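> Input structure: data18.txt, which contains compact mmCIF, C-alpha atoms.
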# COMPACT_ATOMS: atom_id res chain seq x y z
CA MET A 1 -120.13 146.80 84.00
CA ARG A 2 -121.97 148.34 81.04
CA PRO A 3 -125.76 148.40 80.74
CA ALA A 4 -127.30 145.43 78.94
CA ALA A 5 -127.57 145.72 75.15
CA ASP A 6 -130.83 144.42 73.70
CA LEU A 7 -130.10 141.72 71.09
CA GLY A 8 -133.66 140.96 70.04
CA GLU A 9 -135.48 137.63 70.00
CA LEU A 10 -134.19 134.11 69.44
CA PRO A 11 -134.87 132.57 66.02
CA PRO A 12 -137.89 130.24 66.05
CA ALA A 13 -137.87 126.41 65.80
CA PRO A 14 -137.07 123.96 64.15
CA ALA A 15 -133.48 124.26 65.28
CA PRO A 16 -133.48 126.62 68.25
CA LEU A 17 -130.51 124.99 69.95
CA ALA A 18 -128.20 125.17 66.93
CA ALA A 19 -129.41 128.69 66.16
CA PHE A 20 -128.75 129.79 69.74
CA LEU A 21 -125.25 128.34 69.67
CA GLU A 22 -124.48 129.86 66.27
CA ARG A 23 -125.53 133.19 67.73
CA ILE A 24 -122.96 132.70 70.49
CA GLU A 25 -120.28 131.63 68.01
CA GLU A 26 -120.85 134.84 66.08
CA MET A 27 -120.03 136.78 69.24
CA SER A 28 -116.32 136.00 68.96
CA SER A 29 -115.54 139.70 68.59
CA GLU A 30 -117.74 140.75 71.52
CA GLY A 31 -115.13 140.01 74.17
CA THR A 32 -116.20 138.71 77.57
CA GLY A 33 -119.66 138.98 79.00
CA ALA A 34 -122.96 137.42 79.92
CA LEU A 35 -125.66 136.63 77.38
CA ARG A 36 -128.88 136.91 79.37
CA VAL A 37 -131.93 134.96 78.20
CA GLU A 38 -135.24 136.10 79.62
CA GLY A 39 -138.53 134.32 79.08
CA ALA A 40 -141.95 134.62 80.67
CA ARG A 41 -141.41 131.70 83.07
CA SER A 42 -137.68 131.03 83.11
CA SER A 43 -134.41 132.78 82.50
CA GLY A 44 -130.69 132.29 82.71
CA ALA A 45 -127.34 133.31 81.29
CA VAL A 46 -124.41 132.09 79.26
CA LEU A 47 -120.99 133.50 80.12
CA VAL A 48 -119.12 133.95 76.85
CA GLU A 49 -115.54 134.85 76.06
CA GLY A 50 -114.44 135.27 72.45
CA GLY A 51 -117.36 133.20 71.17
CA ARG A 52 -116.58 130.34 73.60
CA ILE A 53 -118.86 129.25 76.40
CA CYS A 54 -117.37 129.47 79.89
CA TRP A 55 -120.45 128.72 81.93
CA ALA A 56 -124.21 128.54 81.49
CA VAL A 57 -126.91 128.48 84.09
CA VAL A 58 -130.67 128.39 84.24
CA ASP A 59 -131.78 130.57 87.13
CA GLY A 60 -132.77 128.41 90.10
CA SER A 61 -131.07 125.16 89.04
CA ALA A 62 -127.55 125.60 90.47
CA ARG A 63 -127.43 122.31 92.35
CA ARG A 64 -127.09 120.21 89.18
CA LEU A 65 -123.34 120.90 88.99
CA THR A 66 -122.73 119.12 92.30
CA ASP A 67 -124.29 115.95 90.90
CA MET A 68 -122.26 116.21 87.69
CA LEU A 69 -119.03 116.75 89.64
CA ARG A 70 -119.78 113.74 91.86
CA ALA A 71 -120.29 111.64 88.71
CA GLN A 72 -116.68 112.44 87.77
CA MET A 73 -115.21 111.59 91.19
CA ASP A 74 -113.42 108.38 92.01
CA PRO A 75 -113.55 107.80 94.92
CA LEU A 76 -116.87 109.52 95.36
CA ALA A 77 -116.75 112.52 97.69
CA GLU A 78 -119.57 113.31 100.08
CA ARG A 79 -121.93 115.97 98.80
CA GLY A 80 -121.24 117.89 102.02
CA ALA A 81 -117.50 118.00 101.29
CA ILE A 82 -118.10 119.65 97.92
CA GLU A 83 -120.55 122.12 99.38
CA ALA A 84 -118.14 123.01 102.22
CA LEU A 85 -115.42 123.66 99.66
CA TYR A 86 -117.87 125.74 97.63
CA ARG A 87 -118.63 127.90 100.67
CA SER A 88 -114.93 128.25 101.44
CA CYS A 89 -114.29 129.38 97.85
CA GLN A 90 -117.11 131.89 98.12
CA ARG A 91 -115.43 133.38 101.19
CA THR A 92 -111.91 133.49 99.80
CA GLY A 93 -112.63 134.17 96.14
CA ARG A 94 -110.66 131.11 95.11
CA PRO A 95 -112.06 129.50 91.90
CA LEU A 96 -114.04 126.37 92.82
CA GLY A 97 -112.72 124.33 89.89
CA GLU A 98 -109.13 125.05 90.84
CA ALA A 99 -109.87 124.11 94.45
CA LEU A 100 -111.54 120.83 93.49
CA VAL A 101 -108.55 119.81 91.38
CA GLN A 102 -105.99 120.92 93.97
CA GLU A 103 -107.81 119.10 96.75
CA GLY A 104 -107.73 115.94 94.62
CA LEU A 105 -111.50 115.64 94.57
CA VAL A 106 -111.65 115.59 90.79
CA THR A 107 -109.17 115.44 87.90
CA GLU A 108 -108.81 118.26 85.37
CA ILE A 109 -110.49 116.10 82.74
CA GLY A 110 -113.27 115.21 85.15
CA LEU A 111 -113.82 118.86 86.00
CA ARG A 112 -113.88 119.80 82.33
CA THR A 113 -116.41 117.05 81.59
CA ALA A 114 -118.66 118.11 84.49
CA LEU A 115 -118.52 121.78 83.47
CA LEU A 116 -119.23 120.90 79.83
CA ASP A 117 -122.17 118.67 80.76
CA HIS A 118 -123.54 121.33 83.07
CA SER A 119 -123.26 124.09 80.47
CA ALA A 120 -124.73 121.82 77.76
CA ASP A 121 -127.71 120.99 79.95
CA ALA A 122 -128.26 124.66 80.75
CA VAL A 123 -127.81 125.85 77.14
CA ALA A 124 -130.31 123.23 75.93
CA SER A 125 -132.83 124.50 78.50
CA LEU A 126 -132.19 128.15 77.63
CA SER A 127 -132.62 127.47 73.91
CA ARG A 128 -136.11 126.13 74.61
CA ILE A 129 -137.27 129.39 76.18
CA ALA A 130 -139.65 130.91 73.66
CA PRO A 131 -140.25 133.67 73.13
CA ALA A 132 -136.98 134.80 74.64
CA ARG A 133 -135.39 138.19 74.97
CA LEU A 134 -131.60 138.26 74.67
CA SER A 135 -129.31 140.86 76.14
CA TRP A 136 -125.54 141.17 76.36
CA ILE A 137 -123.81 142.43 79.49
CA GLU A 138 -120.16 143.10 78.82
CA HIS A 139 -117.57 142.24 81.46
CA ARG A 140 -114.55 144.47 81.39
CA ARG A 141 -111.99 141.96 82.68
CA ARG A 142 -111.05 138.58 81.18
CA ARG A 143 -112.01 136.19 83.95
CA TYR A 144 -112.27 132.65 82.63
CA ASP A 145 -109.78 129.82 82.49
CA ALA A 146 -109.35 128.81 78.83
CA ARG A 147 -109.02 125.14 79.87
CA TYR A 148 -112.60 125.21 81.00
CA SER A 149 -114.24 127.07 78.14
CA PHE A 150 -116.00 125.32 75.26
CA SER A 151 -116.72 125.98 71.60
CA PRO A 152 -120.41 126.08 70.66
CA LEU A 153 -119.81 122.88 68.65
CA GLU A 154 -118.43 121.13 71.76
CA VAL A 155 -121.51 122.19 73.69
CA LEU A 156 -123.85 120.99 70.93
CA ALA A 157 -122.05 117.62 70.86
CA ALA A 158 -122.32 117.41 74.64
CA VAL A 159 -126.09 117.95 74.36
CA GLY A 160 -126.16 115.12 71.80
CA SER A 161 -124.07 112.85 74.03
CA LEU A 162 -126.39 113.48 76.98
CA ALA A 163 -129.39 112.69 74.77
CA ALA A 164 -127.94 109.52 73.22
CA PRO A 165 -125.28 108.27 75.67
CA ALA A 166 -125.35 104.68 74.41
CA GLU A 167 -123.98 105.77 71.03
CA VAL A 168 -121.03 107.82 72.28
CA HIS A 169 -118.42 105.21 73.19
CA ARG A 170 -118.64 103.28 69.92
CA ALA A 171 -118.68 106.50 67.91
CA LEU A 172 -115.54 107.80 69.60
CA GLU A 173 -113.76 104.49 69.10
CA GLY A 174 -114.70 104.45 65.42
CA LEU A 175 -113.58 108.03 64.82
CA ARG A 176 -110.29 107.66 66.71
CA PHE A 177 -109.40 104.47 64.87
CA ARG A 178 -109.96 105.98 61.44
CA LEU A 179 -108.56 109.45 62.15
CA ALA A 180 -105.26 108.41 63.73
CA ALA A 181 -103.40 110.07 60.84
CA GLY A 182 -105.46 113.27 60.86
CA GLY A 183 -108.85 114.65 59.95
CA ALA A 184 -111.76 116.23 61.79
CA GLY A 185 -114.53 113.80 62.66
CA VAL A 186 -118.05 114.19 63.98
CA ALA A 187 -120.58 111.53 64.96
CA TYR A 188 -124.29 112.34 64.64
CA THR A 189 -127.22 110.64 66.25
CA ARG A 190 -130.31 109.96 64.20
CA SER A 191 -132.14 108.03 66.91
CA LEU A 192 -133.94 111.00 68.46
CA GLY A 193 -136.29 111.85 65.62
CA PHE A 194 -134.74 115.23 64.81
CA SER A 195 -135.00 116.33 61.21
CA ALA A 196 -131.34 117.38 61.24
CA PRO A 197 -128.41 115.25 62.45
CA LEU A 198 -127.34 116.14 66.00
CA PRO A 199 -123.59 115.89 66.78
CA LEU A 200 -122.76 113.69 69.76
CA ALA A 201 -119.01 113.07 69.57
CA LEU A 202 -116.00 114.92 68.15
CA VAL A 203 -112.47 113.83 67.31
CA GLY A 204 -109.93 116.36 66.03
CA ALA A 205 -112.79 118.77 65.30
CA GLU A 206 -111.73 121.60 67.63
CA ARG A 207 -111.28 124.01 64.74
CA LEU A 208 -114.56 123.21 63.00
CA ARG A 209 -117.18 125.89 63.26
CA LEU A 210 -120.67 124.86 64.21
CA GLY A 211 -122.05 125.59 60.75
CA GLU A 212 -119.31 123.51 59.12
CA ALA A 213 -120.08 120.56 61.38
CA LEU A 214 -123.80 120.78 60.64
CA GLU A 215 -123.10 121.02 56.89
CA LEU A 216 -120.81 117.98 57.14
CA GLY A 217 -123.63 116.07 58.86
CA ARG A 218 -126.15 117.00 56.17
CA TRP A 219 -123.68 115.95 53.48
CA ALA A 220 -123.09 112.62 55.24
CA ILE A 221 -126.80 111.80 55.45
CA ASP A 222 -127.41 112.80 51.82
CA ALA A 223 -124.34 110.98 50.48
CA LEU A 224 -125.18 107.79 52.37
CA GLU A 225 -128.72 107.94 50.94
CA VAL A 226 -127.42 108.40 47.38
CA ALA A 227 -124.97 105.53 47.91
CA ARG A 228 -127.79 103.29 49.16
CA ALA A 229 -129.36 103.60 45.71
CA LEU A 230 -126.12 102.31 44.19
CA SER A 231 -125.67 99.51 46.66
CA PRO A 232 -128.15 98.64 49.44
CA SER A 233 -125.28 97.24 51.51
CA ARG A 234 -123.17 100.36 51.06
CA ASP A 235 -120.91 100.92 53.99
CA LEU A 236 -118.93 104.07 53.33
CA VAL A 237 -118.92 107.03 50.97
CA ALA A 238 -115.87 109.17 50.37
CA THR A 239 -115.20 112.12 48.12
CA PHE A 240 -111.83 113.46 47.03
CA ARG A 241 -111.49 117.16 46.26
CA ARG A 242 -109.46 118.53 43.38
CA THR A 243 -107.66 120.84 45.82
CA GLY A 244 -106.57 117.89 48.01
CA GLY A 245 -108.32 116.21 50.91
CA GLY A 246 -111.97 115.29 50.98
CA SER A 247 -114.67 113.79 53.17
CA ALA A 248 -115.91 110.40 54.28
CA ALA A 249 -119.19 109.19 55.79
CA TRP A 250 -120.19 105.85 57.24
CA GLU A 251 -122.64 104.41 59.76
CA GLU A 252 -122.62 102.49 63.03
CA GLY A 253 -126.21 101.53 63.77
CA ALA A 254 -128.25 104.71 64.27
CA THR A 255 -125.11 106.84 64.32
CA ALA A 256 -123.84 108.53 61.18
CA LEU A 257 -120.14 109.40 61.25
CA ALA A 258 -118.38 111.85 59.00
CA ALA A 259 -114.91 113.28 58.70
CA THR A 260 -113.28 115.95 56.65
CA PHE A 261 -109.62 115.86 55.62
CA THR A 262 -107.30 118.57 54.39
CA ASP A 263 -104.93 116.14 52.66
CA ALA A 264 -105.44 113.03 50.56
CA SER A 265 -103.09 110.84 52.60
CA SER A 266 -105.04 111.11 55.87
CA LEU A 267 -108.24 110.36 53.94
CA ALA A 268 -106.60 107.33 52.31
CA PHE A 269 -105.43 106.20 55.76
CA ALA A 270 -108.98 106.48 57.12
CA LEU A 271 -110.40 104.48 54.20
CA ALA A 272 -107.77 101.76 54.66
CA ARG A 273 -108.55 101.56 58.39
CA HIS A 274 -112.26 101.41 57.63
CA ALA A 275 -111.79 98.57 55.14
CA ARG A 276 -109.64 96.72 57.67
CA SER A 277 -112.19 97.13 60.47
CA ARG A 278 -115.01 95.83 58.29
CA ALA A 279 -112.95 92.86 57.10
CA GLY A 280 -112.56 91.85 60.77
CA MET B 1 -111.44 109.56 23.28
CA ILE B 2 -112.58 106.58 25.31
CA GLY B 3 -114.36 103.84 23.42
CA ARG B 4 -115.36 100.30 24.28
CA GLU B 5 -111.94 98.92 23.30
CA ALA B 6 -110.19 101.32 25.61
CA LEU B 7 -112.56 100.43 28.45
CA ARG B 8 -111.91 96.71 27.94
CA ASP B 9 -108.20 97.42 28.12
CA LEU B 10 -108.66 99.44 31.30
CA ARG B 11 -110.72 96.67 32.92
CA ALA B 12 -107.98 94.16 32.20
CA ARG B 13 -105.42 96.39 33.91
CA VAL B 14 -107.36 97.04 37.14
CA PRO B 15 -107.19 94.13 39.60
CA GLY B 16 -110.59 92.65 40.54
CA CYS B 17 -112.40 94.95 38.11
CA ARG B 18 -115.92 93.72 37.29
CA GLY B 19 -116.82 96.55 34.99
CA ILE B 20 -116.05 100.05 33.85
CA ALA B 21 -118.21 102.62 32.11
CA LEU B 22 -117.93 106.08 30.65
CA VAL B 23 -120.90 108.03 31.98
CA ASP B 24 -122.74 111.12 30.78
CA LEU B 25 -123.23 112.86 34.12
CA ARG B 26 -126.14 115.08 33.08
CA ARG B 27 -128.17 112.21 31.63
CA GLY B 28 -127.03 109.70 34.26
CA GLU B 29 -126.38 107.09 31.58
CA ALA B 30 -123.46 104.96 30.51
CA ILE B 31 -122.19 105.92 27.04
CA ALA B 32 -119.78 103.00 26.73
CA THR B 33 -119.36 99.98 28.97
CA SER B 34 -117.12 96.98 29.43
CA CYS B 35 -118.44 94.41 31.96
CA ARG B 36 -117.60 90.95 33.18
CA ASP B 37 -121.26 89.84 33.40
CA ALA B 38 -124.88 91.03 33.39
CA GLU B 39 -124.93 91.58 37.16
CA SER B 40 -121.97 93.94 36.90
CA ALA B 41 -123.65 95.77 34.04
CA GLN B 42 -126.73 96.31 36.21
CA ALA B 43 -124.57 97.62 39.09
CA LEU B 44 -122.79 99.99 36.69
CA ASP B 45 -126.13 101.33 35.44
CA LEU B 46 -127.04 102.21 39.05
CA SER B 47 -123.66 103.87 39.54
CA ALA B 48 -124.13 105.85 36.34
CA ALA B 49 -127.53 107.09 37.54
CA GLY B 50 -126.11 108.24 40.90
CA ALA B 51 -122.72 109.47 39.72
CA LEU B 52 -123.57 113.16 39.48
CA ALA B 53 -125.35 113.17 42.85
CA LEU B 54 -122.31 111.56 44.46
CA LEU B 55 -119.97 114.15 42.99
CA GLU B 56 -122.16 117.11 43.85
CA THR B 57 -124.19 116.19 46.95
CA GLY B 58 -124.04 118.96 49.50
CA THR B 59 -120.54 120.08 48.62
CA SER B 60 -119.42 123.58 47.95
CA CYS B 61 -115.99 122.31 46.88
CA SER B 62 -115.18 120.77 43.56
CA VAL B 63 -115.13 116.98 43.95
CA ASP B 64 -112.97 114.95 41.59
CA GLU B 65 -113.72 111.50 42.78
CA ALA B 66 -116.26 109.61 44.87
CA VAL B 67 -115.92 106.15 46.37
CA VAL B 68 -118.72 103.92 47.63
CA LEU B 69 -117.62 100.90 49.58
CA SER B 70 -119.92 97.97 50.31
CA SER B 71 -119.45 94.37 51.39
CA GLU B 72 -119.86 93.29 47.74
CA ALA B 73 -118.16 95.96 45.72
CA LEU B 74 -116.17 99.13 45.44
CA HIS B 75 -117.66 101.83 43.19
CA LEU B 76 -115.30 104.55 42.06
CA VAL B 77 -116.68 107.59 40.23
CA HIS B 78 -113.87 109.57 38.64
CA ARG B 79 -114.79 112.90 37.05
CA ARG B 80 -113.61 113.41 33.46
CA GLY B 81 -114.31 117.03 32.63
CA PRO B 82 -117.53 118.90 33.37
CA SER B 83 -120.00 116.40 31.94
CA HIS B 84 -118.42 112.94 32.01
CA ALA B 85 -117.13 110.44 34.52
CA LEU B 86 -115.57 107.01 34.52
CA VAL B 87 -117.30 104.58 36.87
CA THR B 88 -115.31 101.56 37.96
CA LEU B 89 -116.78 98.56 39.78
CA CYS B 90 -114.34 96.31 41.63
CA LEU B 91 -114.40 93.46 44.10
CA PRO B 92 -113.90 94.65 47.68
CA THR B 93 -110.42 94.40 49.09
CA ARG B 94 -108.66 94.84 52.42
CA ASN B 95 -106.01 96.86 50.59
CA LEU B 96 -108.36 99.66 49.59
CA GLY B 97 -105.60 102.29 49.36
CA GLY B 98 -103.56 100.08 47.05
CA LEU B 99 -106.52 99.42 44.79
CA LEU B 100 -107.43 103.12 44.56
CA ALA B 101 -103.83 103.96 43.70
CA GLN B 102 -103.79 101.31 40.96
CA ILE B 103 -107.07 102.53 39.46
CA ARG B 104 -105.85 106.13 39.48
CA ALA B 105 -102.58 105.15 37.85
CA VAL B 106 -104.49 103.40 35.05
CA LEU B 107 -106.92 106.32 34.62
CA GLU B 108 -104.04 108.78 34.38
CA THR B 109 -102.90 107.06 31.21
CA LEU B 110 -106.14 108.11 29.49
CA PRO B 111 -106.41 111.24 27.38
CA GLU B 112 -108.54 114.07 28.80
CA GLY B 113 -112.20 114.45 27.84
CA GLY B 114 -115.16 112.18 27.21
CA SER B 115 -116.03 109.68 24.55
CA ARG B 116 -115.81 109.83 20.85
Before anything else, please render the file you have as structure tokens.


Amino acid sequence: MRPAADLGELPPAPAPLAAFLERIEEMSSEGTGALRVEGARSSGAVLVEGGRICWAVVDGSARRLTDMLRAQMDPLAERGAIEALYRSCQRTGRPLGEALVQEGLVTEIGLRTALLDHSADAVASLSRIAPARLSWIEHRRRRYDARYSFSPLEVLAAVGSLAAPAEVHRALEGLRFRLAAGGAGVAYTRSLGFSAPLPLALVGAERLRLGEALELGRWAIDALEVARALSPSRDLVATFRRTGGGSAAWEEGATALAATFTDASSLAFALARHARSRAG
Amino acid sequence: MIGREALRDLRARVPGCRGIALVDLRRGEAIATSCRDAESAQALDLSAAGALALLETGTSCSVDEAVVLSSEALHLVHRRGPSHALVTLCLPTRNLGGLLAQIRAVLETLPEGGSR
């Protein structure tokens, strides 16, 4: 293990979480390692591989994962059973996630959801440490299972979904229905009083970078506002690019939804589906 | 070379079309208009005022066309060169894709450029 490299201080508010995650996304060439965050009263680390988040933890709050794993279990396992398995894994070196899935205590999707929620919760807490000192500790070996690593955008959306859970289901349904033929869609909550839209659900957006998703959200809010001046009952705005493809934005209550398309036919499909859903 | 006669002809060829206007994007004003009624003319004036913002809001890519869908109308802003656009106001339809295709087919028959 190499000595920690000092990476300076976190950018200040108003968007410390997005700035923190963009910092991680920029580390795609840094390989595998731990990004340590040290503040006066709290600290923690984000394990990063190729700009993706494999794990995040606030020092002293390790028990939260057990609760998140139990939330994914059906039937519910006793807390003691998980902890016994955890101790067994510590002894044998077997990865806990692999053991949980193999023992049938949780599905792969359930494990992924619990790990994502746990990392999102920890990253949100770490981003609030101010002032914070960042350092990077490189790990020489690749150690993380790609199935259980997350893009910074996924983590930001998980933070949004934890903050506005009531909006998630409807947003996902709306995005999936419209994007069945393609496109990258993001739902943003505006119910939390943030000045910028916060992603809370993603469909087909795995390749979007965090900055692209935030720009799409800003465009959606602005375009919907402009369209309101044209028609107070406006329901959807879409733009078609000369190079093919385009973007669309619409609303479901306090949620703004936006999608970007690389070809005109998937955008036309989304518009047709939208018109059909609104016609009932 | 799009004058009022040409706009009237276009409106007749687009199904459910309530009005169509050639817009000066920089001034946000209709240069020539053909409308079914005064209400449509008012809606087209609003579209003309917002046309440039719709085409340029927050985008780094060149946008050719913008669509605003509401329960009462479909607004289509179609760029015509750097400083003009055609704004079409239609009744809403379940077959949105079909309507957009029909409007585009009609607009493609027009010569390039703005108004005389």

> Check every residue of chain A for an atom within 8 Å of chain B, counting all atoms listed in the file, and provide those that qualify as a CSV table (one decimal) with C-alpha atoms, in the frame of the given file.


chain,number,residue,atom,x,y,z
A,215,GLU,CA,-123.1,121.0,56.9
A,218,ARG,CA,-126.2,117.0,56.2
A,219,TRP,CA,-123.7,116.0,53.5
A,222,ASP,CA,-127.4,112.8,51.8
A,223,ALA,CA,-124.3,111.0,50.5
A,226,VAL,CA,-127.4,108.4,47.4
A,227,ALA,CA,-125.0,105.5,47.9
A,229,ALA,CA,-129.4,103.6,45.7
A,230,LEU,CA,-126.1,102.3,44.2
A,231,SER,CA,-125.7,99.5,46.7
A,233,SER,CA,-125.3,97.2,51.5
A,234,ARG,CA,-123.2,100.4,51.1
A,235,ASP,CA,-120.9,100.9,54.0
A,236,LEU,CA,-118.9,104.1,53.3
A,237,VAL,CA,-118.9,107.0,51.0
A,238,ALA,CA,-115.9,109.2,50.4
A,239,THR,CA,-115.2,112.1,48.1
A,240,PHE,CA,-111.8,113.5,47.0
A,241,ARG,CA,-111.5,117.2,46.3
A,242,ARG,CA,-109.5,118.5,43.4
A,243,THR,CA,-107.7,120.8,45.8
A,246,GLY,CA,-112.0,115.3,51.0
A,268,ALA,CA,-106.6,107.3,52.3
A,269,PHE,CA,-105.4,106.2,55.8
A,271,LEU,CA,-110.4,104.5,54.2
A,272,ALA,CA,-107.8,101.8,54.7
A,275,ALA,CA,-111.8,98.6,55.1
A,276,ARG,CA,-109.6,96.7,57.7
A,279,ALA,CA,-113.0,92.9,57.1

> For Ala30 of chain B, which residue among B:Arg11, B:Arg79, B:Arg18, B:His84 is the nearest when counting only C-alpha atoms?

B:His84

> Separation of atom CA of His139 of chain A and atom CA of Trp55 of chain A, in Å?

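Taking atom CA of His139 of chain A as the start and atom CA of Trp55 of chain A as the end point, the length is 13.8 Å.
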
> Could you please determine the separation between atom CA of Ala85 of chain B and atom CA of Glu251 of chain A in Å, to one decimal place?

26.5 Å

> Excluding same-chain residues fewer than 4 positions from Pro165 of chain A, what lies within 10 Å of it counting all atoms listed in the file, as a short mmCIF file (atom, residue, chain, number, x, y, z; two decimals) with C-alpha atoms, in the coordinates of the input?


data_model
loop_
_atom_site.label_atom_id
_atom_site.label_comp_id
_atom_site.auth_asym_id
_atom_site.auth_seq_id
_atom_site.Cartn_x
_atom_site.Cartn_y
_atom_site.Cartn_z
CA ALA A 158 -122.32 117.41 74.64
CA VAL A 159 -126.09 117.95 74.36
CA GLY A 160 -126.16 115.12 71.80
CA SER A 161 -124.07 112.85 74.03
CA HIS A 169 -118.42 105.21 73.19
CA THR A 189 -127.22 110.64 66.25
CA LEU A 200 -122.76 113.69 69.76
CA ALA A 201 -119.01 113.07 69.57
#

> I'd like the interatomic distance between atom CA of Leu7 of chain B and atom CA of Ala21 of chain B, to a tenth of an Å.

7.1 Å

> Please provide as a list of chain:residue names all residues within 9 Å of Arg13 of chain B, with the sequence filter that same-chain residues fewer than 6 positions apart are discarded (counting all atoms listed in the file).

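Contacts, with the query itself left out: B:Gln102, B:Ile103, B:Val106.
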
> Pick the closest to Asp37 of chain B from B:Leu10, B:Leu110, B:Ile20, B:Val87: which is it, counting all atoms listed in the file?

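Closest residue, counting all atoms listed in the file: B:Ile20.
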
> Which one is closest to Tyr148 of chain A: A:Ala184, A:Ala120, A:Leu115, A:Ala259? Count all atoms listed in the file.

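Closest residue, counting all atoms listed in the file: A:Leu115.
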
> Please report, as AutoDock Vina command-line options, the centre and edge lengths in Å to one decimal of an axis-aligned box covering all listed atoms of segment 238-241 of chain A with 8 Å per side.


--center_x -113.7 --center_y 113.2 --center_z 48.3 --size_x 20.4 --size_y 24.0 --size_z 20.1

> Compute the distance from (-109.8, 140.6, 82.6) to each atom, counting all atoms listed in the file, keep the residues with any atom at most 12 Å away, and return them as a list of chain:residue names; use the coordinates of the file.

A:Gly31, A:Thr32, A:Gly33, A:Glu49, A:Glu138, A:His139, A:Arg140, A:Arg141, A:Arg142, A:Arg143, A:Tyr144, A:Asp145

> Write out all heavy atoms for segment 23-28 of chain B, as a PDB file, keeping the file's coordinate frame.


ATOM      1  N   VAL B  23    -119.548 107.600  31.628  1.00  0.00           N
ATOM      2  CA  VAL B  23    -120.900 108.030  31.980  1.00  0.00           C
ATOM      3  C   VAL B  23    -121.115 109.482  31.569  1.00  0.00           C
ATOM      4  O   VAL B  23    -120.241 110.333  31.785  1.00  0.00           O
ATOM      5  CB  VAL B  23    -121.117 107.878  33.509  1.00  0.00           C
ATOM      6  CG1 VAL B  23    -122.411 108.535  33.958  1.00  0.00           C
ATOM      7  CG2 VAL B  23    -121.096 106.406  33.883  1.00  0.00           C
ATOM      8  N   ASP B  24    -122.285 109.750  30.993  1.00  0.00           N
ATOM      9  CA  ASP B  24    -122.740 111.120  30.780  1.00  0.00           C
ATOM     10  C   ASP B  24    -123.405 111.565  32.078  1.00  0.00           C
ATOM     11  O   ASP B  24    -124.477 111.067  32.439  1.00  0.00           O
ATOM     12  CB  ASP B  24    -123.737 111.154  29.612  1.00  0.00           C
ATOM     13  CG  ASP B  24    -124.215 112.569  29.316  1.00  0.00           C
ATOM     14  OD1 ASP B  24    -124.390 113.359  30.273  1.00  0.00           O
ATOM     15  OD2 ASP B  24    -124.423 112.878  28.128  1.00  0.00           O
ATOM     16  N   LEU B  25    -122.759 112.494  32.780  1.00  0.00           N
ATOM     17  CA  LEU B  25    -123.230 112.860  34.120  1.00  0.00           C
ATOM     18  C   LEU B  25    -124.614 113.507  34.088  1.00  0.00           C
ATOM     19  O   LEU B  25    -125.448 113.253  34.949  1.00  0.00           O
ATOM     20  CB  LEU B  25    -122.230 113.811  34.782  1.00  0.00           C
ATOM     21  CG  LEU B  25    -120.927 113.170  35.275  1.00  0.00           C
ATOM     22  CD1 LEU B  25    -119.934 114.254  35.712  1.00  0.00           C
ATOM     23  CD2 LEU B  25    -121.194 112.220  36.436  1.00  0.00           C
ATOM     24  N   ARG B  26    -124.865 114.354  33.108  1.00  0.00           N
ATOM     25  CA  ARG B  26    -126.140 115.080  33.080  1.00  0.00           C
ATOM     26  C   ARG B  26    -127.301 114.128  32.815  1.00  0.00           C
ATOM     27  O   ARG B  26    -128.371 114.273  33.392  1.00  0.00           O
ATOM     28  CB  ARG B  26    -126.123 116.181  32.018  1.00  0.00           C
ATOM     29  CG  ARG B  26    -124.993 117.183  32.197  1.00  0.00           C
ATOM     30  CD  ARG B  26    -125.163 118.022  33.465  1.00  0.00           C
ATOM     31  NE  ARG B  26    -123.879 118.582  33.881  1.00  0.00           N
ATOM     32  CZ  ARG B  26    -123.640 119.106  35.081  1.00  0.00           C
ATOM     33  NH1 ARG B  26    -124.582 119.138  36.001  1.00  0.00           N
ATOM     34  NH2 ARG B  26    -122.458 119.596  35.386  1.00  0.00           N
ATOM     35  N   ARG B  27    -127.098 113.151  31.953  1.00  0.00           N
ATOM     36  CA  ARG B  27    -128.170 112.210  31.630  1.00  0.00           C
ATOM     37  C   ARG B  27    -128.185 111.023  32.586  1.00  0.00           C
ATOM     38  O   ARG B  27    -129.151 110.274  32.641  1.00  0.00           O
ATOM     39  CB  ARG B  27    -128.029 111.715  30.192  1.00  0.00           C
ATOM     40  CG  ARG B  27    -128.344 112.830  29.173  1.00  0.00           C
ATOM     41  CD  ARG B  27    -127.843 112.483  27.782  1.00  0.00           C
ATOM     42  NE  ARG B  27    -128.368 111.199  27.314  1.00  0.00           N
ATOM     43  CZ  ARG B  27    -127.842 110.496  26.318  1.00  0.00           C
ATOM     44  NH1 ARG B  27    -126.774 110.955  25.701  1.00  0.00           N
ATOM     45  NH2 ARG B  27    -128.372 109.363  25.940  1.00  0.00           N
ATOM     46  N   GLY B  28    -127.105 110.829  33.322  1.00  0.00           N
ATOM     47  CA  GLY B  28    -127.030 109.700  34.260  1.00  0.00           C
ATOM     48  C   GLY B  28    -127.023 108.364  33.554  1.00  0.00           C
ATOM     49  O   GLY B  28    -127.565 107.378  34.063  1.00  0.00           O
TER      50      GLY B  28
END
